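Colleague: This is final.cif, which holds mmCIF, C-alpha atoms:
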```
data_input
#
loop_
_atom_site.group_PDB
_atom_site.id
_atom_site.type_symbol
_atom_site.label_atom_id
_atom_site.label_comp_id
_atom_site.auth_asym_id
_atom_site.auth_seq_id
_atom_site.Cartn_x
_atom_site.Cartn_y
_atom_site.Cartn_z
ATOM 1 C CA MET C 1 36.942 -56.601 49.984
ATOM 2 C CA SER C 2 34.075 -54.149 50.212
ATOM 3 C CA GLN C 3 30.507 -55.320 50.795
ATOM 4 C CA ASN C 4 29.895 -55.625 47.049
ATOM 5 C CA GLY C 5 32.994 -57.777 46.565
ATOM 6 C CA ARG C 6 35.131 -55.089 44.943
ATOM 7 C CA THR C 7 38.597 -54.123 46.098
ATOM 8 C CA PRO C 8 38.399 -50.905 48.139
ATOM 9 C CA VAL C 9 40.596 -48.024 47.010
ATOM 10 C CA ASP C 10 40.900 -45.271 49.608
ATOM 11 C CA PHE C 11 41.504 -41.876 48.009
ATOM 12 C CA TRP C 12 42.419 -38.734 49.961
ATOM 13 C CA PHE C 13 41.853 -35.426 48.173
ATOM 14 C CA ASP C 14 41.789 -31.685 48.631
ATOM 15 C CA PRO C 15 39.182 -30.229 46.218
ATOM 16 C CA LEU C 16 41.438 -27.244 45.561
ATOM 17 C CA CYS C 17 44.234 -29.258 43.921
ATOM 18 C CA PRO C 18 43.965 -29.565 40.116
ATOM 19 C CA TRP C 19 46.398 -32.496 40.013
ATOM 20 C CA ALA C 20 44.410 -34.469 42.572
ATOM 21 C CA TRP C 21 41.367 -33.710 40.439
ATOM 22 C CA MET C 22 43.059 -35.226 37.392
ATOM 23 C CA THR C 23 43.964 -38.352 39.361
ATOM 24 C CA SER C 24 40.435 -38.668 40.725
ATOM 25 C CA ARG C 25 38.956 -38.591 37.216
ATOM 26 C CA TRP C 26 41.379 -41.359 36.257
ATOM 27 C CA MET C 27 40.253 -43.397 39.271
ATOM 28 C CA LEU C 28 36.643 -43.148 38.103
ATOM 29 C CA GLU C 29 37.800 -44.565 34.780
ATOM 30 C CA VAL C 30 39.605 -47.367 36.624
ATOM 31 C CA GLU C 31 36.337 -48.251 38.373
ATOM 32 C CA LYS C 32 34.886 -49.013 34.935
ATOM 33 C CA VAL C 33 37.659 -51.396 33.856
ATOM 34 C CA ARG C 34 38.871 -52.980 37.099
ATOM 35 C CA ASP C 35 36.975 -54.545 39.995
ATOM 36 C CA VAL C 36 37.606 -51.691 42.412
ATOM 37 C CA GLU C 37 35.513 -49.265 44.430
ATOM 38 C CA VAL C 38 36.782 -45.814 45.391
ATOM 39 C CA ARG C 39 36.213 -44.646 48.956
ATOM 40 C CA TRP C 40 36.700 -40.888 49.278
ATOM 41 C CA HIS C 41 38.419 -39.076 52.151
ATOM 42 C CA VAL C 42 39.458 -35.477 52.719
ATOM 43 C CA MET C 43 42.942 -34.155 53.292
ATOM 44 C CA SER C 44 44.113 -30.556 53.354
ATOM 45 C CA LEU C 45 46.909 -28.663 51.655
ATOM 46 C CA ALA C 46 46.562 -26.014 54.367
ATOM 47 C CA VAL C 47 47.135 -28.573 57.116
ATOM 48 C CA LEU C 48 49.922 -30.273 55.164
ATOM 49 C CA ASN C 49 51.872 -27.021 54.831
ATOM 50 C CA GLU C 50 51.054 -25.211 58.064
ATOM 51 C CA ASP C 51 54.392 -26.101 59.710
ATOM 52 C CA LYS C 52 56.537 -25.074 56.740
ATOM 53 C CA LEU C 53 55.004 -21.803 55.587
ATOM 54 C CA ASP C 54 58.328 -19.993 55.849
ATOM 55 C CA GLU C 55 59.758 -22.309 53.190
ATOM 56 C CA LEU C 56 57.012 -21.640 50.648
ATOM 57 C CA PRO C 57 56.788 -18.938 47.951
ATOM 58 C CA GLU C 58 54.718 -15.929 48.977
ATOM 59 C CA THR C 59 52.072 -16.567 46.319
ATOM 60 C CA TYR C 60 51.564 -20.139 47.557
ATOM 61 C CA ARG C 61 51.338 -18.974 51.184
ATOM 62 C CA GLU C 62 48.700 -16.456 50.159
ATOM 63 C CA MET C 63 46.753 -19.136 48.305
ATOM 64 C CA LEU C 64 46.780 -21.398 51.353
ATOM 65 C CA ALA C 65 45.604 -18.572 53.610
ATOM 66 C CA THR C 66 42.827 -17.274 51.359
ATOM 67 C CA LYS C 67 41.597 -20.257 49.338
ATOM 68 C CA ALA C 68 42.638 -23.577 50.828
ATOM 69 C CA TRP C 69 40.539 -23.845 53.983
ATOM 70 C CA GLY C 70 37.071 -23.057 52.647
ATOM 71 C CA PRO C 71 36.360 -25.852 50.144
ATOM 72 C CA VAL C 72 37.718 -28.705 52.243
ATOM 73 C CA ARG C 73 35.836 -27.440 55.293
ATOM 74 C CA VAL C 74 32.605 -27.453 53.284
ATOM 75 C CA VAL C 75 33.262 -30.995 52.073
ATOM 76 C CA THR C 76 34.007 -32.143 55.621
ATOM 77 C CA ALA C 77 30.829 -30.523 56.919
ATOM 78 C CA ALA C 78 28.803 -32.247 54.202
ATOM 79 C CA GLN C 79 30.326 -35.582 55.158
ATOM 80 C CA GLN C 80 29.681 -35.073 58.861
ATOM 81 C CA GLU C 81 26.089 -33.981 58.390
ATOM 82 C CA HIS C 82 25.033 -36.104 55.409
ATOM 83 C CA GLY C 83 27.284 -39.151 55.423
ATOM 84 C CA ASP C 84 30.263 -40.555 53.521
ATOM 85 C CA GLU C 85 28.127 -41.264 50.469
ATOM 86 C CA VAL C 86 27.990 -37.562 49.518
ATOM 87 C CA LEU C 87 31.773 -37.147 49.317
ATOM 88 C CA GLY C 88 32.309 -38.428 45.791
ATOM 89 C CA LYS C 89 29.318 -36.566 44.379
ATOM 90 C CA LEU C 90 30.260 -33.273 46.017
ATOM 91 C CA TYR C 91 33.902 -33.617 44.962
ATOM 92 C CA THR C 92 32.802 -34.121 41.368
ATOM 93 C CA ALA C 93 30.457 -31.136 41.510
ATOM 94 C CA LEU C 94 33.082 -28.872 43.073
ATOM 95 C CA GLY C 95 35.922 -30.034 40.852
ATOM 96 C CA THR C 96 33.896 -29.613 37.686
ATOM 97 C CA ARG C 97 33.164 -25.995 38.587
ATOM 98 C CA PHE C 98 36.566 -25.177 40.105
ATOM 99 C CA HIS C 99 38.714 -26.777 37.412
ATOM 100 C CA ASN C 100 36.867 -27.768 34.235
ATOM 101 C CA GLU C 101 34.705 -24.643 34.138
ATOM 102 C CA GLY C 102 37.420 -22.367 35.538
ATOM 103 C CA GLN C 103 35.264 -20.809 38.254
ATOM 104 C CA GLY C 104 37.850 -21.370 40.970
ATOM 105 C CA PRO C 105 37.145 -21.976 44.677
ATOM 106 C CA VAL C 106 34.784 -19.036 45.113
ATOM 107 C CA ARG C 107 31.622 -19.080 47.213
ATOM 108 C CA ASP C 108 29.293 -18.922 44.197
ATOM 109 C CA ALA C 109 30.898 -22.074 42.773
ATOM 110 C CA VAL C 110 30.605 -23.859 46.122
ATOM 111 C CA VAL C 111 26.936 -22.901 46.467
ATOM 112 C CA ALA C 112 26.190 -24.009 42.902
ATOM 113 C CA ALA C 113 27.960 -27.339 43.477
ATOM 114 C CA LEU C 114 25.882 -27.986 46.580
ATOM 115 C CA GLU C 115 22.739 -27.196 44.590
ATOM 116 C CA ASP C 116 23.913 -29.514 41.797
ATOM 117 C CA ILE C 117 23.692 -32.542 44.071
ATOM 118 C CA GLY C 118 20.780 -31.471 46.258
ATOM 119 C CA LEU C 119 22.659 -30.558 49.430
ATOM 120 C CA PRO C 120 21.703 -27.541 51.561
ATOM 121 C CA VAL C 121 23.463 -24.389 50.381
ATOM 122 C CA SER C 122 23.866 -23.446 54.047
ATOM 123 C CA LEU C 123 26.801 -25.878 54.093
ATOM 124 C CA ALA C 124 28.777 -23.183 52.249
ATOM 125 C CA ASP C 125 28.824 -21.171 55.482
ATOM 126 C CA TYR C 126 31.196 -23.736 56.990
ATOM 127 C CA ALA C 127 33.960 -22.410 54.730
ATOM 128 C CA ASP C 128 34.693 -19.785 57.376
ATOM 129 C CA LYS C 129 34.082 -21.961 60.428
ATOM 130 C CA ASP C 130 36.317 -24.405 62.290
ATOM 131 C CA THR C 131 33.343 -26.497 63.441
ATOM 132 C CA TYR C 132 34.625 -29.726 61.913
ATOM 133 C CA ASP C 133 38.345 -28.960 61.775
ATOM 134 C CA ALA C 134 39.063 -31.776 64.250
ATOM 135 C CA GLN C 135 37.430 -34.290 61.907
ATOM 136 C CA LEU C 136 39.221 -32.761 58.904
ATOM 137 C CA ARG C 137 42.562 -33.045 60.644
ATOM 138 C CA ALA C 138 41.860 -36.626 61.705
ATOM 139 C CA SER C 139 41.065 -37.648 58.124
ATOM 140 C CA HIS C 140 44.139 -35.827 56.846
ATOM 141 C CA LYS C 141 46.322 -37.526 59.456
ATOM 142 C CA GLU C 142 44.970 -40.959 58.559
ATOM 143 C CA GLY C 143 45.944 -40.519 54.928
ATOM 144 C CA ILE C 144 49.266 -38.764 55.336
ATOM 145 C CA GLU C 145 50.544 -41.215 57.962
ATOM 146 C CA LYS C 146 50.347 -43.931 55.331
ATOM 147 C CA VAL C 147 52.874 -42.207 53.054
ATOM 148 C CA GLY C 148 54.768 -39.589 55.072
ATOM 149 C CA GLN C 149 54.998 -35.804 55.057
ATOM 150 C CA GLU C 150 57.033 -35.332 51.858
ATOM 151 C CA VAL C 151 54.033 -35.709 49.564
ATOM 152 C CA GLY C 152 50.875 -33.860 48.598
ATOM 153 C CA THR C 153 47.409 -34.782 47.431
ATOM 154 C CA PRO C 154 46.128 -37.255 46.393
ATOM 155 C CA VAL C 155 47.045 -40.202 48.569
ATOM 156 C CA ILE C 156 45.782 -43.608 47.466
ATOM 157 C CA ALA C 157 45.769 -46.765 49.611
ATOM 158 C CA VAL C 158 44.907 -50.306 48.482
ATOM 159 C CA PRO C 159 45.118 -53.735 50.148
ATOM 160 C CA GLY C 160 48.456 -55.452 49.589
ATOM 161 C CA ALA C 161 49.060 -59.149 49.106
ATOM 162 C CA ASP C 162 49.475 -59.607 52.874
ATOM 163 C CA GLY C 163 46.302 -57.709 53.680
ATOM 164 C CA GLU C 164 48.150 -54.591 54.824
ATOM 165 C CA GLN C 165 47.492 -51.425 52.859
ATOM 166 C CA ILE C 166 49.948 -50.162 50.263
ATOM 167 C CA ALA C 167 49.776 -46.380 50.003
ATOM 168 C CA PHE C 168 51.314 -43.919 47.565
ATOM 169 C CA PHE C 169 51.091 -40.318 46.390
ATOM 170 C CA GLY C 170 49.738 -39.766 42.895
ATOM 171 C CA PRO C 171 50.051 -40.755 40.161
ATOM 172 C CA VAL C 172 50.344 -37.267 38.694
ATOM 173 C CA VAL C 173 49.023 -37.473 35.136
ATOM 174 C CA THR C 174 47.404 -35.329 32.470
ATOM 175 C CA PRO C 175 45.030 -35.737 30.784
ATOM 176 C CA ALA C 176 43.247 -38.417 32.817
ATOM 177 C CA PRO C 177 43.712 -41.733 30.963
ATOM 178 C CA LYS C 178 40.573 -43.511 29.826
ATOM 179 C CA GLY C 179 39.640 -47.055 28.902
ATOM 180 C CA GLU C 180 42.521 -49.474 28.510
ATOM 181 C CA ASP C 181 45.069 -46.701 29.172
ATOM 182 C CA ALA C 182 43.448 -46.141 32.579
ATOM 183 C CA ALA C 183 43.685 -49.860 33.283
ATOM 184 C CA LYS C 184 47.337 -50.073 32.245
ATOM 185 C CA LEU C 185 48.328 -47.156 34.453
ATOM 186 C CA TRP C 186 46.449 -48.711 37.370
ATOM 187 C CA ASP C 187 48.078 -52.103 36.924
ATOM 188 C CA GLY C 188 51.526 -50.558 36.595
ATOM 189 C CA THR C 189 51.072 -48.301 39.610
ATOM 190 C CA LEU C 190 50.046 -51.237 41.775
ATOM 191 C CA LEU C 191 52.980 -53.262 40.485
ATOM 192 C CA VAL C 192 55.682 -50.757 41.384
ATOM 193 C CA ALA C 193 53.994 -49.760 44.654
ATOM 194 C CA SER C 194 53.976 -53.389 45.779
ATOM 195 C CA ILE C 195 57.764 -53.767 45.557
ATOM 196 C CA PRO C 196 59.355 -53.539 49.034
ATOM 197 C CA GLY C 197 61.713 -50.601 49.221
ATOM 198 C CA PHE C 198 60.319 -48.862 46.145
ATOM 199 C CA TYR C 199 59.732 -45.155 46.734
ATOM 200 C CA GLU C 200 59.681 -42.894 43.719
ATOM 201 C CA ILE C 201 59.581 -42.393 39.965
ATOM 202 C CA LYS C 202 59.500 -38.795 38.761
ATOM 203 C CA ARG C 203 60.149 -36.498 35.817
ATOM 204 C CA THR C 204 59.634 -32.794 35.157
ATOM 205 C CA ARG C 205 56.083 -31.787 34.226
ATOM 206 C CA THR C 206 56.014 -30.202 30.788
ATOM 207 C CA GLN C 207 52.316 -29.294 30.691
ATOM 208 C CA GLY C 208 49.579 -28.304 33.097
ATOM 209 C CA PRO C 209 46.360 -30.150 33.867
ATOM 210 C CA ILE C 210 44.211 -30.857 30.801
ATOM 211 C CA PHE C 211 40.562 -30.885 31.808
ATOM 212 C CA ASP C 212 38.319 -32.837 29.453
#
```
Spit out the file's structure as structure tokens when you get a sec.
Modeller:
Amino acid sequence: MSQNGRTPVDFWFDPLCPWAWMTSRWMLEVEKVRDVEVRWHVMSLAVLNEDKLDELPETYREMLATKAWGPVRVVTAAQQEHGDEVLGKLYTALGTRFHNEGQGPVRDAVVAALEDIGLPVSLADYADKDTYDAQLRASHKEGIEKVGQEVGTPVIAVPGADGEQIAFFGPVVTPAPKGEDAAKLWDGTLLVASIPGFYEIKRTRTQGPIFD
């Protein structure tokens, strides 16, 4: 349990990923209807894919090279210099501008997001610096080691019945369920994830992220 008595839910995200963004908005809904508290952590699509670039489509490789490092480096710098408590707020500010408002991961959107929550805009300069890459990689490693390399973002980890964490990728969902639908998806996800030997349910996505 966390200090306030709620069940801690550790959530690893890359601010660039629209599907992780959808899942994160669902988790905020779950906080309203279940006795849980989300604890935010960074992971990186660039780090996740750096050893398999030759297997990826050219457009995805280009995206990783030109867009993936900046936002997560800024988030990591904010965490290192201003504490864990800024992670959720900055993720919301960035995601709203990147995804809901369609601005994408450009510097102007990053600067505006920092201004939105009262953080120094100078943090945007870390997008092109490796100052905190060691901390970024350590956070990424912590999350990905719980589920393995064959997944993406987000990774979610919760305490199991025996006290050990149960971790899983996803769920991938659109639009983000609200109210009782959010609760039902949460309860069902925990149920299947808790079964020893359970690994995967999947079907083809027939629509993209719906931001609302």
Colleague: Run the PyMOL selection byres ((chain C and resi 114-122) around 8) on the file and write out the hits as a VMD selection string.
Modeller: chain C and resid 78 89 to 90 93 110 to 113 123 to 126
Colleague: Please identify all polymer residues lying at most 10 Å from the point (50.2, -26.0, 56.2) (file coordinates), using all atoms listed in the file, and present the result as a VMD selection string.
Modeller: chain C and resid 44 to 53 56 61 64 to 65 68
Colleague: Give the padded box for region 114-121 of chain C as AutoDock Vina command-line options: axis-aligned, covering all atoms listed in the file, 8 Å on each side, centre and edge lengths in Å to one decimal.
Modeller:
```
--center_x 23.3 --center_y -28.5 --center_z 46.7 --size_x 21.1 --size_y 24.2 --size_z 25.8
```
Colleague: Can you spell out as a PyMOL selection string the set of residues that the PyMOL selection byres ((chain C and resi 155-157) around 12) selects in the structure I just provided?
Modeller: chain C and resi 7-14+19-21+23-24+27+36-45+139-154+158-160+163-172+186+189-190+193-194
Colleague: Report, in Å with one decimal, the straight-line distance from CA of Pro105 (chain C) to CA of Pro15 (chain C).
Modeller: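 Interatomic distance here is 8.6 Å.
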Colleague: Could you tell me how far CA of Lys202 (chain C) lies from CA of Arg34 (chain C), in Å and to one decimal?
Modeller: 25.1 Å
Colleague: Using only C-alpha atoms for the distances, tell me which of C:Pro175, C:Gly83, C:Gly5, C:Gly104 is nearest to Asp212 (chain C).
Modeller: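 Among C:Pro175, C:Gly83, C:Gly5, C:Gly104, it is C:Pro175 that comes nearest to Asp212 (chain C).
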Colleague: Just how far from CA of Arg73 (chain C) is CA of Thr96 (chain C), in Å to one decimal?
Modeller: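 These two atoms are separated by 17.8 Å.
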Colleague: Could you state which residues are captured by the PyMOL selection byres ((chain C and resi 135) around 10) in this file, as a PDB file with C-alpha atoms, keeping the file's coordinate frame?
Modeller:
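Writing done, so here's out-v7.pdb:
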```
ATOM      1  CA  VAL C  42      39.458 -35.477  52.719  1.00  0.00           C
ATOM      2  CA  ARG C  73      35.836 -27.440  55.293  1.00  0.00           C
ATOM      3  CA  THR C  76      34.007 -32.143  55.621  1.00  0.00           C
ATOM      4  CA  ALA C  77      30.829 -30.523  56.919  1.00  0.00           C
ATOM      5  CA  GLN C  79      30.326 -35.582  55.158  1.00  0.00           C
ATOM      6  CA  GLN C  80      29.681 -35.073  58.861  1.00  0.00           C
ATOM      7  CA  ASP C 130      36.317 -24.405  62.290  1.00  0.00           C
ATOM      8  CA  THR C 131      33.343 -26.497  63.441  1.00  0.00           C
ATOM      9  CA  TYR C 132      34.625 -29.726  61.913  1.00  0.00           C
ATOM     10  CA  ASP C 133      38.345 -28.960  61.775  1.00  0.00           C
ATOM     11  CA  ALA C 134      39.063 -31.776  64.250  1.00  0.00           C
ATOM     12  CA  LEU C 136      39.221 -32.761  58.904  1.00  0.00           C
ATOM     13  CA  ARG C 137      42.562 -33.045  60.644  1.00  0.00           C
ATOM     14  CA  ALA C 138      41.860 -36.626  61.705  1.00  0.00           C
ATOM     15  CA  SER C 139      41.065 -37.648  58.124  1.00  0.00           C
ATOM     16  CA  HIS C 140      44.139 -35.827  56.846  1.00  0.00           C
ATOM     17  CA  LYS C 141      46.322 -37.526  59.456  1.00  0.00           C
TER      18      LYS C 141
END
```
Colleague: Rebuild N, CA and C atoms on region 166-190 of chain C, as a PDB file, in the frame of the given file?
Modeller:
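So the final result, stored in selection02.pdb, reads:
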```pdb
ATOM      1  N   ILE C 166      48.856 -50.816  50.971  1.00  0.00           N
ATOM      2  CA  ILE C 166      49.948 -50.162  50.263  1.00  0.00           C
ATOM      3  C   ILE C 166      49.453 -48.764  49.914  1.00  0.00           C
ATOM      4  N   ALA C 167      50.204 -47.749  50.265  1.00  0.00           N
ATOM      5  CA  ALA C 167      49.776 -46.380  50.003  1.00  0.00           C
ATOM      6  C   ALA C 167      50.836 -45.644  49.201  1.00  0.00           C
ATOM      7  N   PHE C 168      50.388 -44.694  48.388  1.00  0.00           N
ATOM      8  CA  PHE C 168      51.314 -43.919  47.565  1.00  0.00           C
ATOM      9  C   PHE C 168      50.681 -42.577  47.232  1.00  0.00           C
ATOM     10  N   PHE C 169      51.532 -41.623  46.890  1.00  0.00           N
ATOM     11  CA  PHE C 169      51.091 -40.318  46.390  1.00  0.00           C
ATOM     12  C   PHE C 169      50.976 -40.392  44.875  1.00  0.00           C
ATOM     13  N   GLY C 170      49.916 -39.794  44.346  1.00  0.00           N
ATOM     14  CA  GLY C 170      49.738 -39.766  42.895  1.00  0.00           C
ATOM     15  C   GLY C 170      48.943 -40.955  42.403  1.00  0.00           C
ATOM     16  N   PRO C 171      49.129 -41.327  41.139  1.00  0.00           N
ATOM     17  CA  PRO C 171      50.051 -40.755  40.161  1.00  0.00           C
ATOM     18  C   PRO C 171      49.609 -39.375  39.662  1.00  0.00           C
ATOM     19  N   VAL C 172      50.595 -38.580  39.287  1.00  0.00           N
ATOM     20  CA  VAL C 172      50.344 -37.267  38.694  1.00  0.00           C
ATOM     21  C   VAL C 172      50.320 -37.463  37.186  1.00  0.00           C
ATOM     22  N   VAL C 173      49.183 -37.159  36.555  1.00  0.00           N
ATOM     23  CA  VAL C 173      49.023 -37.473  35.136  1.00  0.00           C
ATOM     24  C   VAL C 173      48.059 -36.491  34.489  1.00  0.00           C
ATOM     25  N   THR C 174      48.306 -36.167  33.235  1.00  0.00           N
ATOM     26  CA  THR C 174      47.404 -35.329  32.470  1.00  0.00           C
ATOM     27  C   THR C 174      47.512 -35.648  30.983  1.00  0.00           C
ATOM     28  N   PRO C 175      46.398 -35.703  30.274  1.00  0.00           N
ATOM     29  CA  PRO C 175      45.030 -35.737  30.784  1.00  0.00           C
ATOM     30  C   PRO C 175      44.744 -37.058  31.481  1.00  0.00           C
ATOM     31  N   ALA C 176      43.600 -37.188  32.115  1.00  0.00           N
ATOM     32  CA  ALA C 176      43.247 -38.417  32.817  1.00  0.00           C
ATOM     33  C   ALA C 176      43.059 -39.543  31.808  1.00  0.00           C
ATOM     34  N   PRO C 177      43.850 -40.628  31.917  1.00  0.00           N
ATOM     35  CA  PRO C 177      43.712 -41.733  30.963  1.00  0.00           C
ATOM     36  C   PRO C 177      42.322 -42.370  31.032  1.00  0.00           C
ATOM     37  N   LYS C 178      41.887 -42.879  29.906  1.00  0.00           N
ATOM     38  CA  LYS C 178      40.573 -43.511  29.826  1.00  0.00           C
ATOM     39  C   LYS C 178      40.703 -44.910  29.250  1.00  0.00           C
ATOM     40  N   GLY C 179      39.690 -45.729  29.491  1.00  0.00           N
ATOM     41  CA  GLY C 179      39.640 -47.055  28.902  1.00  0.00           C
ATOM     42  C   GLY C 179      40.831 -47.913  29.267  1.00  0.00           C
ATOM     43  N   GLU C 180      41.408 -48.564  28.271  1.00  0.00           N
ATOM     44  CA  GLU C 180      42.521 -49.474  28.510  1.00  0.00           C
ATOM     45  C   GLU C 180      43.751 -48.736  29.031  1.00  0.00           C
ATOM     46  N   ASP C 181      43.945 -47.475  28.641  1.00  0.00           N
ATOM     47  CA  ASP C 181      45.069 -46.701  29.172  1.00  0.00           C
ATOM     48  C   ASP C 181      44.923 -46.501  30.682  1.00  0.00           C
ATOM     49  N   ALA C 182      43.694 -46.267  31.137  1.00  0.00           N
ATOM     50  CA  ALA C 182      43.448 -46.141  32.579  1.00  0.00           C
ATOM     51  C   ALA C 182      43.788 -47.433  33.293  1.00  0.00           C
ATOM     52  N   ALA C 183      43.406 -48.559  32.690  1.00  0.00           N
ATOM     53  CA  ALA C 183      43.685 -49.860  33.283  1.00  0.00           C
ATOM     54  C   ALA C 183      45.181 -50.137  33.349  1.00  0.00           C
ATOM     55  N   LYS C 184      45.901 -49.810  32.276  1.00  0.00           N
ATOM     56  CA  LYS C 184      47.337 -50.073  32.245  1.00  0.00           C
ATOM     57  C   LYS C 184      48.071 -49.246  33.302  1.00  0.00           C
ATOM     58  N   LEU C 185      47.685 -47.984  33.440  1.00  0.00           N
ATOM     59  CA  LEU C 185      48.328 -47.156  34.453  1.00  0.00           C
ATOM     60  C   LEU C 185      48.036 -47.689  35.848  1.00  0.00           C
ATOM     61  N   TRP C 186      46.818 -48.134  36.080  1.00  0.00           N
ATOM     62  CA  TRP C 186      46.449 -48.711  37.370  1.00  0.00           C
ATOM     63  C   TRP C 186      47.280 -49.960  37.665  1.00  0.00           C
ATOM     64  N   ASP C 187      47.330 -50.860  36.719  1.00  0.00           N
ATOM     65  CA  ASP C 187      48.078 -52.103  36.924  1.00  0.00           C
ATOM     66  C   ASP C 187      49.554 -51.822  37.184  1.00  0.00           C
ATOM     67  N   GLY C 188      50.121 -50.881  36.417  1.00  0.00           N
ATOM     68  CA  GLY C 188      51.526 -50.558  36.595  1.00  0.00           C
ATOM     69  C   GLY C 188      51.806 -49.874  37.918  1.00  0.00           C
ATOM     70  N   THR C 189      50.905 -48.990  38.330  1.00  0.00           N
ATOM     71  CA  THR C 189      51.072 -48.301  39.610  1.00  0.00           C
ATOM     72  C   THR C 189      51.049 -49.293  40.761  1.00  0.00           C
ATOM     73  N   LEU C 190      50.108 -50.224  40.725  1.00  0.00           N
ATOM     74  CA  LEU C 190      50.046 -51.237  41.775  1.00  0.00           C
ATOM     75  C   LEU C 190      51.293 -52.105  41.775  1.00  0.00           C
TER      76      LEU C 190
END
```
